[in-house]
Every structure is written in C-alpha cells, then in structure tokens.
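*Asks:* Input structure: data-v7.cif, which contains mmCIF, C-alpha atoms.
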```cif
data_query
loop_
_atom_site.label_atom_id
_atom_site.label_comp_id
_atom_site.auth_asym_id
_atom_site.auth_seq_id
_atom_site.Cartn_x
_atom_site.Cartn_y
_atom_site.Cartn_z
CA MET O 243 53.38 28.88 63.57
CA LEU O 244 49.94 28.33 62.14
CA PRO O 245 47.32 30.30 64.05
CA THR O 246 44.74 28.28 66.01
CA SER O 247 42.03 29.26 63.54
CA HIS O 248 43.57 26.71 61.15
CA PHE O 249 42.70 23.88 63.55
CA ASP O 250 39.35 22.45 64.61
CA THR O 251 38.35 22.15 68.26
CA ASP O 252 40.08 18.75 68.50
CA GLY O 253 43.33 20.18 67.10
CA PHE O 254 43.02 18.65 63.62
CA LEU O 255 43.96 20.74 60.60
CA ARG O 256 40.89 22.17 58.90
CA ASN O 257 42.59 22.36 55.53
CA LEU O 258 44.81 19.42 54.64
CA SER O 259 46.90 21.53 52.26
CA ASP O 260 48.12 23.65 55.20
CA TRP O 261 50.31 20.74 56.29
CA ASN O 262 54.09 20.76 56.05
CA PRO O 263 56.82 19.32 58.30
CA GLN O 264 56.97 22.50 60.39
CA VAL O 265 53.24 22.29 61.02
CA ALA O 266 53.71 18.63 62.01
CA GLU O 267 56.32 19.72 64.59
CA GLN O 268 53.88 22.32 65.89
CA ILE O 269 51.02 19.80 66.27
CA ALA O 270 53.34 17.21 67.82
CA MET O 271 54.60 19.72 70.33
CA ALA O 272 51.03 20.47 71.36
CA GLU O 273 50.64 16.72 71.95
CA GLY O 274 53.85 16.62 73.97
CA ILE O 275 55.72 14.64 71.32
CA LYS O 276 59.19 15.43 69.98
CA LEU O 277 59.36 14.06 66.45
CA GLU O 278 62.19 11.62 65.78
CA PRO O 279 62.91 9.65 62.56
CA SER O 280 60.79 6.79 63.93
CA HIS O 281 57.81 9.16 64.14
CA TRP O 282 58.40 10.51 60.64
CA GLU O 283 58.41 6.98 59.25
CA ILE O 284 54.86 6.46 60.59
CA LEU O 285 53.70 9.94 59.56
CA GLU O 286 54.82 9.32 55.98
CA LEU O 287 53.08 5.97 56.00
CA LEU O 288 49.88 7.60 57.29
CA ARG O 289 49.98 10.13 54.48
CA THR O 290 50.56 7.37 51.94
CA TYR O 291 47.61 5.47 53.42
CA TYR O 292 45.42 8.53 53.07
CA VAL O 293 46.25 8.90 49.39
CA GLU O 294 45.85 5.19 48.70
CA PHE O 295 42.56 4.65 50.54
CA ASP O 296 41.04 8.17 50.67
CA SER O 297 40.52 7.78 54.41
CA SER O 298 42.34 7.95 57.73
CA PRO O 299 43.00 4.51 59.20
CA ALA O 300 41.47 3.29 62.43
CA MET O 301 43.92 1.55 64.76
CA ARG O 302 43.28 -1.91 63.37
CA ALA O 303 44.08 -0.90 59.80
CA LEU O 304 47.08 1.18 60.84
CA VAL O 305 48.68 -1.74 62.68
CA LYS O 306 48.21 -4.02 59.70
CA TYR O 307 49.42 -1.41 57.22
CA CYS O 308 52.58 -0.84 59.29
CA ALA O 309 53.18 -4.59 59.43
CA LEU O 310 52.82 -4.85 55.66
CA ASN O 311 55.08 -1.91 54.87
CA LEU O 312 57.57 -1.70 57.75
CA GLY O 313 57.71 -5.31 58.89
CA PRO O 314 56.17 -7.22 61.80
CA ASP O 315 58.24 -5.49 64.53
CA LYS O 316 56.67 -2.13 63.73
CA GLY O 317 53.23 -3.52 62.92
CA LYS O 318 52.35 -3.76 66.58
CA SER O 319 50.06 -1.69 68.78
CA ILE O 320 52.70 -1.47 71.46
CA TYR O 321 55.25 0.02 69.07
CA LEU O 322 52.79 2.60 67.79
CA LEU O 323 51.69 3.40 71.34
CA SER O 324 55.31 4.10 72.26
CA LEU O 325 55.49 6.74 69.51
CA PHE O 326 52.03 8.24 69.80
CA PRO O 327 50.83 7.46 73.33
CA GLY O 328 47.15 7.10 74.03
CA SER O 329 45.56 6.71 70.64
CA PRO O 330 48.17 6.22 67.88
CA ALA O 331 45.76 6.31 64.94
CA LYS O 332 44.08 9.49 66.16
CA ILE O 333 47.21 11.33 67.25
CA GLY O 334 49.26 10.08 64.31
CA CYS O 335 46.63 11.35 61.88
CA LYS O 336 46.48 14.65 63.70
CA VAL O 337 50.25 15.17 63.43
CA ALA O 338 50.24 13.94 59.82
CA GLY O 339 47.69 16.62 58.97
CA LEU O 340 44.93 14.13 58.13
CA PRO O 341 41.28 14.11 59.20
CA LYS O 342 40.34 12.40 62.43
CA PRO O 343 39.73 8.70 61.74
CA ASP O 344 36.10 7.59 61.95
CA ASN O 345 35.47 4.87 64.49
CA CYS O 346 38.61 5.38 66.48
CA LEU O 347 38.23 3.76 69.84
CA MET V 254 34.08 -13.58 73.39
CA THR V 255 34.83 -16.53 71.13
CA THR V 256 34.27 -16.52 67.41
CA ARG V 257 31.39 -18.93 67.84
CA ASP V 258 29.50 -16.53 70.08
CA LYS V 259 29.70 -13.73 67.58
CA LYS V 260 26.79 -12.97 65.34
CA ARG V 261 27.63 -13.04 61.68
CA MET V 262 26.43 -10.04 59.73
CA LEU V 263 26.00 -9.69 55.99
CA VAL V 264 25.93 -6.19 54.53
CA VAL V 265 24.02 -6.21 51.23
CA ILE V 266 25.05 -3.33 48.98
CA ARG V 267 22.69 -2.60 46.11
CA HIS V 268 23.20 0.99 45.04
CA SER V 269 25.69 2.86 42.87
CA PRO V 270 28.56 4.61 44.67
CA TYR V 271 27.80 8.29 44.07
CA GLY V 272 24.08 8.51 43.26
CA SER V 273 23.17 8.68 46.93
CA SER V 274 24.88 8.62 50.30
CA LEU V 275 24.06 4.93 50.77
CA ALA V 276 27.50 3.69 49.71
CA LYS V 277 29.18 5.98 52.21
CA ALA V 278 26.71 4.88 54.89
CA SER V 279 27.40 1.21 54.25
CA LEU V 280 31.15 1.78 54.47
CA ASP V 281 30.69 3.62 57.77
CA VAL V 282 28.76 0.66 59.17
CA VAL V 283 31.25 -1.89 57.86
CA LEU V 284 34.31 -0.07 59.20
CA ALA V 285 32.65 0.64 62.55
CA ALA V 286 31.71 -3.03 62.90
CA ALA V 287 35.26 -4.01 61.96
CA ALA V 288 36.70 -1.65 64.56
CA PHE V 289 34.67 -3.59 67.13
CA GLU V 290 35.93 -6.86 65.64
CA GLN V 291 32.55 -8.03 64.49
CA ASN V 292 32.22 -10.88 62.03
CA ILE V 293 31.14 -9.14 58.87
CA ALA V 294 30.83 -9.93 55.18
CA LEU V 295 29.75 -7.89 52.15
CA LEU V 296 27.58 -8.78 49.20
CA PHE V 297 27.49 -6.48 46.17
CA LEU V 298 24.17 -7.15 44.51
CA GLY V 299 22.50 -5.65 41.43
CA ASP V 300 23.55 -2.02 40.92
CA GLY V 301 25.81 -2.37 43.96
CA VAL V 302 28.41 -3.96 41.66
CA LEU V 303 28.96 -0.46 40.22
CA GLN V 304 30.97 0.30 43.36
CA LEU V 305 33.54 -2.21 42.13
CA ILE V 306 34.39 -0.38 38.91
CA PRO V 307 38.13 0.27 38.94
CA ARG V 308 39.72 3.72 38.76
CA GLN V 309 36.86 5.82 40.12
CA GLU V 310 37.73 9.54 40.28
CA SER V 311 35.32 11.12 42.73
CA SER V 312 37.42 14.16 43.60
CA ALA V 313 35.67 16.24 40.90
CA LEU V 314 32.49 15.78 42.94
CA GLY V 315 34.23 16.63 46.20
CA LYS V 316 33.24 13.19 47.47
CA LYS V 317 35.27 10.44 49.07
CA ASN V 318 36.42 7.76 46.65
CA ILE V 319 34.32 4.67 47.38
CA GLY V 320 36.55 2.39 45.32
CA ARG V 321 39.70 3.42 47.16
CA GLN V 322 37.95 3.09 50.52
CA LEU V 323 36.79 -0.41 49.60
CA ALA V 324 40.41 -1.26 48.87
CA SER V 325 41.17 -0.80 52.59
CA LEU V 326 38.78 -3.59 53.68
CA PRO V 327 41.52 -6.26 53.90
CA LEU V 328 43.36 -4.01 56.37
CA TYR V 329 40.31 -4.30 58.60
CA ASP V 330 40.43 -8.09 58.16
CA ILE V 331 37.29 -8.07 56.05
CA ASP V 332 38.01 -10.75 53.50
CA SER V 333 34.54 -12.09 52.74
CA VAL V 334 33.38 -9.96 49.85
CA TYR V 335 30.84 -11.53 47.53
CA VAL V 336 29.62 -10.23 44.21
CA ASP V 337 26.54 -10.95 42.13
CA ALA V 338 28.26 -12.42 39.07
CA GLU V 339 25.29 -11.85 36.80
CA ALA V 340 25.13 -8.13 37.59
CA ALA V 341 28.91 -7.73 37.18
CA ALA V 342 28.65 -9.40 33.79
CA ARG V 343 25.67 -7.25 32.82
CA TYR V 344 27.76 -4.12 33.41
CA ASN V 345 30.90 -5.71 31.92
CA ILE V 346 32.90 -5.06 35.08
CA ASP V 347 36.34 -6.62 35.13
CA LEU V 348 36.48 -8.02 38.67
CA THR V 349 40.12 -9.00 38.28
CA ILE V 350 41.06 -5.31 38.61
CA SER V 351 38.30 -4.19 40.97
CA PRO V 352 39.37 -2.26 44.12
CA VAL V 353 38.90 -5.26 46.40
CA ASP V 354 39.16 -9.01 45.84
CA THR V 355 35.75 -10.62 45.53
CA GLN V 356 34.18 -14.04 45.30
CA SER V 357 31.65 -14.30 42.49
CA ILE V 358 28.40 -16.06 43.24
CA SER V 359 25.50 -16.93 40.98
CA THR V 360 21.97 -15.62 41.43
CA GLY V 361 20.88 -19.06 42.61
CA GLU V 362 23.50 -19.08 45.38
CA ILE V 363 22.64 -15.67 46.81
CA HIS V 364 19.63 -16.80 48.84
CA GLN V 365 21.66 -19.60 50.43
CA LEU V 366 24.45 -17.15 51.27
CA MET V 367 22.00 -14.77 52.96
CA THR V 368 20.60 -17.52 55.17
CA GLU V 369 24.09 -18.35 56.44
CA PHE V 370 24.22 -15.07 58.37
CA ASP V 371 22.48 -14.10 61.60
CA HIS V 372 21.65 -10.61 60.41
CA ILE V 373 21.30 -8.85 57.08
CA LEU V 374 21.79 -5.12 56.66
CA GLY V 375 20.68 -3.63 53.35
CA PHE V 376 22.09 -0.48 51.72
CA MET L 106 13.75 -18.11 55.40
CA ILE L 107 14.00 -14.41 54.73
CA LEU L 108 11.49 -11.60 55.19
CA HIS L 109 11.67 -9.27 52.21
CA THR L 110 10.21 -5.81 52.43
CA LEU L 111 9.74 -4.40 48.95
CA ASN L 112 9.37 -0.63 48.78
CA ALA L 113 10.04 0.14 45.12
CA ALA L 114 7.92 0.38 41.98
CA PRO L 115 7.78 -2.65 39.68
CA SER L 116 10.07 -1.21 37.00
CA SER L 117 12.88 -0.48 39.46
CA PRO L 118 16.12 -2.44 39.86
CA ALA L 119 15.21 -3.08 43.51
CA PHE L 120 12.00 -4.81 42.42
CA ASN L 121 13.83 -7.04 39.96
CA ASP L 122 16.61 -7.86 42.40
CA CYS L 123 14.08 -8.78 45.06
CA LEU L 124 12.24 -11.18 42.79
CA LYS L 125 15.49 -12.82 41.76
CA ILE L 126 16.30 -13.65 45.38
CA ALA L 127 12.89 -14.28 47.06
CA ARG L 128 11.65 -17.84 46.97
CA THR L 129 9.43 -20.42 48.61
CA HIS L 130 9.38 -20.29 52.45
CA ASP L 131 10.23 -16.57 52.32
CA ALA L 132 7.72 -13.81 53.05
CA LEU L 133 7.47 -10.72 50.88
CA VAL L 134 5.74 -7.56 52.09
CA LEU L 135 4.78 -4.88 49.58
CA MET L 136 4.94 -1.37 51.02
CA GLY L 137 5.27 2.17 49.69
CA ASP L 138 5.66 2.11 45.92
CA GLY L 139 5.94 -1.66 46.13
CA VAL L 140 2.17 -1.98 46.47
CA TYR L 141 1.72 -1.29 42.74
CA ALA L 142 2.85 -4.85 42.14
CA ALA L 143 -0.37 -5.96 43.82
CA ILE L 144 -2.58 -4.77 40.94
CA ASP L 145 -4.46 -7.86 39.89
CA SER L 146 -3.62 -9.39 36.52
CA ALA L 147 -0.82 -6.91 35.85
CA GLU L 148 2.57 -8.15 34.70
CA ALA L 149 4.28 -7.33 38.01
CA TYR L 150 1.70 -9.36 39.92
CA SER L 151 2.44 -12.43 37.79
CA ALA L 152 6.14 -11.95 38.48
CA LEU L 153 5.41 -11.80 42.21
CA LEU L 154 3.42 -15.02 42.09
CA SER L 155 6.15 -16.88 40.29
CA CYS L 156 8.81 -16.15 42.92
CA GLY L 157 7.05 -18.49 45.35
CA ALA L 158 7.26 -16.35 48.48
CA LYS L 159 4.22 -15.78 50.68
CA LEU L 160 2.85 -12.39 49.68
CA TYR L 161 1.63 -9.55 51.88
CA MET L 162 0.94 -5.87 51.42
CA LEU L 163 0.56 -3.03 53.87
CA LEU L 164 -3.10 -2.10 53.72
CA THR L 165 -2.56 1.57 54.54
CA ASP L 166 -0.08 1.97 51.68
CA ALA L 167 -2.36 0.09 49.26
CA LYS L 168 -5.23 2.41 50.15
CA VAL L 169 -3.07 5.47 49.59
CA ALA L 170 -2.16 4.13 46.15
CA GLY L 171 -5.78 3.34 45.30
CA ILE L 172 -5.23 -0.39 44.95
CA SER L 173 -8.81 -1.50 45.51
CA ALA L 174 -8.62 -4.93 43.90
CA PRO L 175 -5.34 -6.61 44.78
CA GLY L 176 -4.42 -10.02 43.48
CA ALA L 177 -6.08 -12.88 45.33
CA ASN L 178 -2.83 -14.35 46.65
CA ILE L 179 -1.91 -11.22 48.57
CA THR L 180 -2.76 -10.89 52.25
CA ALA L 181 -3.40 -7.34 53.43
CA ILE L 182 -1.74 -6.62 56.77
CA ASP L 183 -1.40 -3.75 59.22
CA MET L 184 1.62 -2.54 61.18
CA ASP L 185 1.05 -5.01 64.03
CA ASP L 186 1.07 -7.87 61.55
CA LEU L 187 4.31 -6.57 60.06
CA VAL L 188 5.91 -6.48 63.50
CA ALA L 189 4.73 -10.07 64.04
CA LEU L 190 6.40 -11.08 60.77
CA THR L 191 9.68 -9.48 61.80
CA GLU L 192 9.56 -11.58 64.96
CA GLU L 193 8.93 -14.71 62.95
CA PHE L 194 11.81 -14.13 60.50
CA PRO L 195 15.28 -13.58 61.96
CA ARG L 196 16.66 -12.32 58.66
CA GLN L 197 15.18 -9.38 56.83
CA GLN L 198 16.18 -7.73 53.60
CA ALA L 199 14.83 -4.31 52.70
CA TRP L 200 14.52 -3.62 48.98
CA TYR L 201 14.13 0.05 48.18
#
```
Here is a file; write its structure as structure tokens.

*Replies:*
Amino acid sequence: MLPTSHFDTDGFLRNLSDWNPQVAEQIAMAEGIKLEPSHWEILELLRTYYVEFDSSPAMRALVKYCALNLGPDKGKSIYLLSLFPGSPAKIGCKVAGLPKPDNCL
Amino acid sequence: MTTRDKKRMLVVIRHSPYGSSLAKASLDVVLAAAAFEQNIALLFLGDGVLQLIPRQESSALGKKNIGRQLASLPLYDIDSVYVDAEAAARYNIDLTISPVDTQSISTGEIHQLMTEFDHILGF
Amino acid sequence: MILHTLNAAPSSPAFNDCLKIARTHDALVLMGDGVYAAIDSAEAYSALLSCGAKLYMLLTDAKVAGISAPGANITAIDMDDLVALTEEFPRQQAWY
C-alpha cells in the first residue's frame, strides 16, 4: 500500500512513476471499483493516450479514442460510465496513475 | 442549442511553443472550449507555425510537449486548423508530417478567414 | 472589418504580421511599443500608411515614448475612444 502522502488531496498520484498495477488496485478500491479485464483495457488505453498526447484526455477525447482503438461499442459514454461511474475520464485517469484531466466536466 | 446559434471562434496562434507560456495558454483555451462543444478553429500565423515542427522533445525542459498535445485536437473534434503557408515555407516546415493536419492558406486569404468568425482570440 | 491593436516595436515579428493582415476598412491602434511606428517620416510609418487601415495611437503611450510629432495620418485617441472602437468592431486581433 502506498501511503497517503503519495497522493494529492483529490487522490491523484503526485509522482506518475509510483504507479504499478497494485497501486491501480489500491486507487480503484478507494473509488469503490473492483478492477476487471474490461477496466484494465481502458486503463492501458489511458496510459497509451498519455504517452501519445502528453496529456490526460477529457471525456470527449476519451470516448473518441476508445472508439478508434476498441471499436464503436466501447467508444460510448455509457460503456465508460458503467466501468468508472460518475466521471470516467477523471476516475479512469486517477486509477491509471495519470494527472487529473484539465477541463473535465 | 443548434449549430447555427453557436458563435464561431478563431484562435490565432502567433508565438513559438516554448519561448513563453502562450502556447500552453492557447491550448488550454482551445481544449476548454472543445469540452463545452464550442465551434472553434485555429490559425497558426507567423512564428506560430513553429508549434507545428514535428518531433518536438520538450521533456528536457520539464514542459508539456506542445506538438503532441496538438496531435490530440482531432479527438476533440477540432478539424479546422489553418496555417500561414508563407511562414511555414519561410521556416522550411514540412507540414505533411506536422503533429496535426492543417489547411494551408496564403497571406492574402488570412484576412478573409478572420472575418468569417464571430470572435478572434490572439495568443 | 477588424480592429487591430498593435503593441510591439516596428522590428518585431508581431509588427510585420500585423501589417501583412491589416487592410482598408480595418482600424489599427498603436499602443505600448507600437507607438514608435508613429514617428513621422520613419520607415515604419510608411509601412503603416501602405497597409490602408485607419490609423490611431493611444495618446498616453505616445507621450510616454516622447513621440511629439506623429505622422499626419494618425489620430491620437484616449481610452474612451479605444472602448468606442471596440464597440464598433466585432472582431479584434491583438498583436504583441
């Protein structure tokens, strides 16, 4: 378990290099999410996005990126909301160990 | 709100990517506007074309990579990206491999383009 | 019709970019370091004239710079006049 000092007040990792799958499980648990393969698929995509675009996606970009890479069935808000309820871009980034997206609604 | 009711906004980008925080500021505005589904277009003018140089490596500066961030614009449905062809030619920038697809316009066409928008924001 | 505010010295890229875009039926306001283009008979003043825009300068900034004899085609304005111009022109481009 990473101590709370490694997280900011919103629960985002302060240092991106602290992330590993165990840390993801820890953050997800704090969000009340049990990570399944369908979650991991999105988390990996989020981390790929971050490397490709040097930024965390807002919801709009995440939906489109999922559609492009995982197909139209998964490129939908409703699908992402079922995995990361509330605010998929924000919570997904948090679990993926990425910074909080700017402009997330 | 229908598309017709929406104001069209042109963001004019005229400064190099890392010499100031203006490039970052313009991206913040563009992505925030996109998140609110505003009708937005970009024009890279003069030294602004320097943001379109491929393969920027800003990590040595500890700064966000402007080129890679520009590459995400299509994911925000921002597809109207114009570039001052004369300035791109002056700096010998190969727009075919720039981070984002652009439409080249001549100096003479820029004024007309600007008048087609309801608002202009300069960075 | 575009209102251009030019706040950059005549040798700057912003100055050159502005003059490439500004044209007849536009208004161009010199402010800050832009007021140096108002010096009568200087090269920058000729360039301003040839763009065709209606020319203004902020009087307070011109005084600060010591521009006592601006070119004859430049109208000196104050802040209230500038606000009036922004109401007249829906589109504004700041060059700095």

*Asks:* Applied to the shown file, which residues does the PyMOL selection byres ((chain O and resi 278-286) around 7) return, written as a list in words?

*Replies:* Lys276, Leu277, Leu287, Leu288, Arg289, Thr290, Leu325, Gly334 and Ala338 of chain O

*Asks:* Using all atoms listed in the file, determine which residues lie at most 9 Å from V:Ala338, disregarding the query and same-chain residues fewer than 4 positions distant; provide the list as a count of residues only.

*Replies:* 9

*Asks:* Residues of chain O near chain V: apply a cut-off of 10 Å, count only C-alpha atoms, and supply the list as a ChimeraX atom specification.

*Replies:* /O:291-307,310,344-347

*Asks:* With C-alpha atoms retained, write the just-selected residues as a short mmCIF file (atom, residue, chain, number, x, y, z; two decimals), in the frame of the given file.

*Replies:*
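Produced file out.cif, reproduced below:
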```
data_model
loop_
_atom_site.label_atom_id
_atom_site.label_comp_id
_atom_site.auth_asym_id
_atom_site.auth_seq_id
_atom_site.Cartn_x
_atom_site.Cartn_y
_atom_site.Cartn_z
CA TYR O 291 47.61 5.47 53.42
CA TYR O 292 45.42 8.53 53.07
CA VAL O 293 46.25 8.90 49.39
CA GLU O 294 45.85 5.19 48.70
CA PHE O 295 42.56 4.65 50.54
CA ASP O 296 41.04 8.17 50.67
CA SER O 297 40.52 7.78 54.41
CA SER O 298 42.34 7.95 57.73
CA PRO O 299 43.00 4.51 59.20
CA ALA O 300 41.47 3.29 62.43
CA MET O 301 43.92 1.55 64.76
CA ARG O 302 43.28 -1.91 63.37
CA ALA O 303 44.08 -0.90 59.80
CA LEU O 304 47.08 1.18 60.84
CA VAL O 305 48.68 -1.74 62.68
CA LYS O 306 48.21 -4.02 59.70
CA TYR O 307 49.42 -1.41 57.22
CA LEU O 310 52.82 -4.85 55.66
CA ASP O 344 36.10 7.59 61.95
CA ASN O 345 35.47 4.87 64.49
CA CYS O 346 38.61 5.38 66.48
CA LEU O 347 38.23 3.76 69.84
#
```

*Asks:* Residues of chain V that approach chain L to 8 Å or less, counting only C-alpha atoms: could you list each one with the shortest pair of atoms and its distance in Å to one decimal, rows by chain and increasing residue number, as CSV?

*Replies:*
```
residue,atom,partner,partner_atom,distance
V:Arg267,CA,L:Ala119,CA,7.9
V:Leu298,CA,L:Asp122,CA,7.9
V:Gly299,CA,L:Asp122,CA,6.4
V:Asp300,CA,L:Pro118,CA,7.5
V:Thr360,CA,L:Lys125,CA,7.1
V:Gly361,CA,L:Ile126,CA,7.6
V:Ile363,CA,L:Ile126,CA,6.8
V:His364,CA,L:Ile126,CA,5.7
V:Thr368,CA,L:Met106,CA,6.9
V:Asp371,CA,L:Arg196,CA,6.8
V:His372,CA,L:Arg196,CA,5.6
V:Ile373,CA,L:Arg196,CA,6.0
V:Leu374,CA,L:Gln198,CA,6.9
V:Gly375,CA,L:Ala199,CA,5.9
```

*Asks:* If you measure from atom CA of L:Gly176 to atom CA of L:Ser116, what distance in Å do you get, rounded to one decimal?

*Replies:*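 Separation of atom CA of L:Gly176 and atom CA of L:Ser116: 18.2 Å.
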
*Asks:* Might you pull out every residue within 8 Å of stretch 261-272 of chain O, with only C-alpha atoms counted and same-chain residues fewer than 4 positions away left off, and present them as an mmCIF file with C-alpha atoms, in the frame of the given file?

*Replies:*
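Below is the file out-v5.cif, written as the result:
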```cif
data_model
loop_
_atom_site.group_PDB
_atom_site.id
_atom_site.type_symbol
_atom_site.label_atom_id
_atom_site.label_comp_id
_atom_site.auth_asym_id
_atom_site.auth_seq_id
_atom_site.Cartn_x
_atom_site.Cartn_y
_atom_site.Cartn_z
ATOM 1 C CA MET O 243 53.380 28.880 63.570
ATOM 2 C CA LEU O 244 49.940 28.330 62.140
ATOM 3 C CA GLY O 253 43.330 20.180 67.100
ATOM 4 C CA LEU O 255 43.960 20.740 60.600
ATOM 5 C CA ASN O 257 42.590 22.360 55.530
ATOM 6 C CA LYS O 276 59.190 15.430 69.980
ATOM 7 C CA LEU O 277 59.360 14.060 66.450
ATOM 8 C CA LYS O 336 46.480 14.650 63.700
ATOM 9 C CA VAL O 337 50.250 15.170 63.430
ATOM 10 C CA ALA O 338 50.240 13.940 59.820
ATOM 11 C CA GLY O 339 47.690 16.620 58.970
#
```
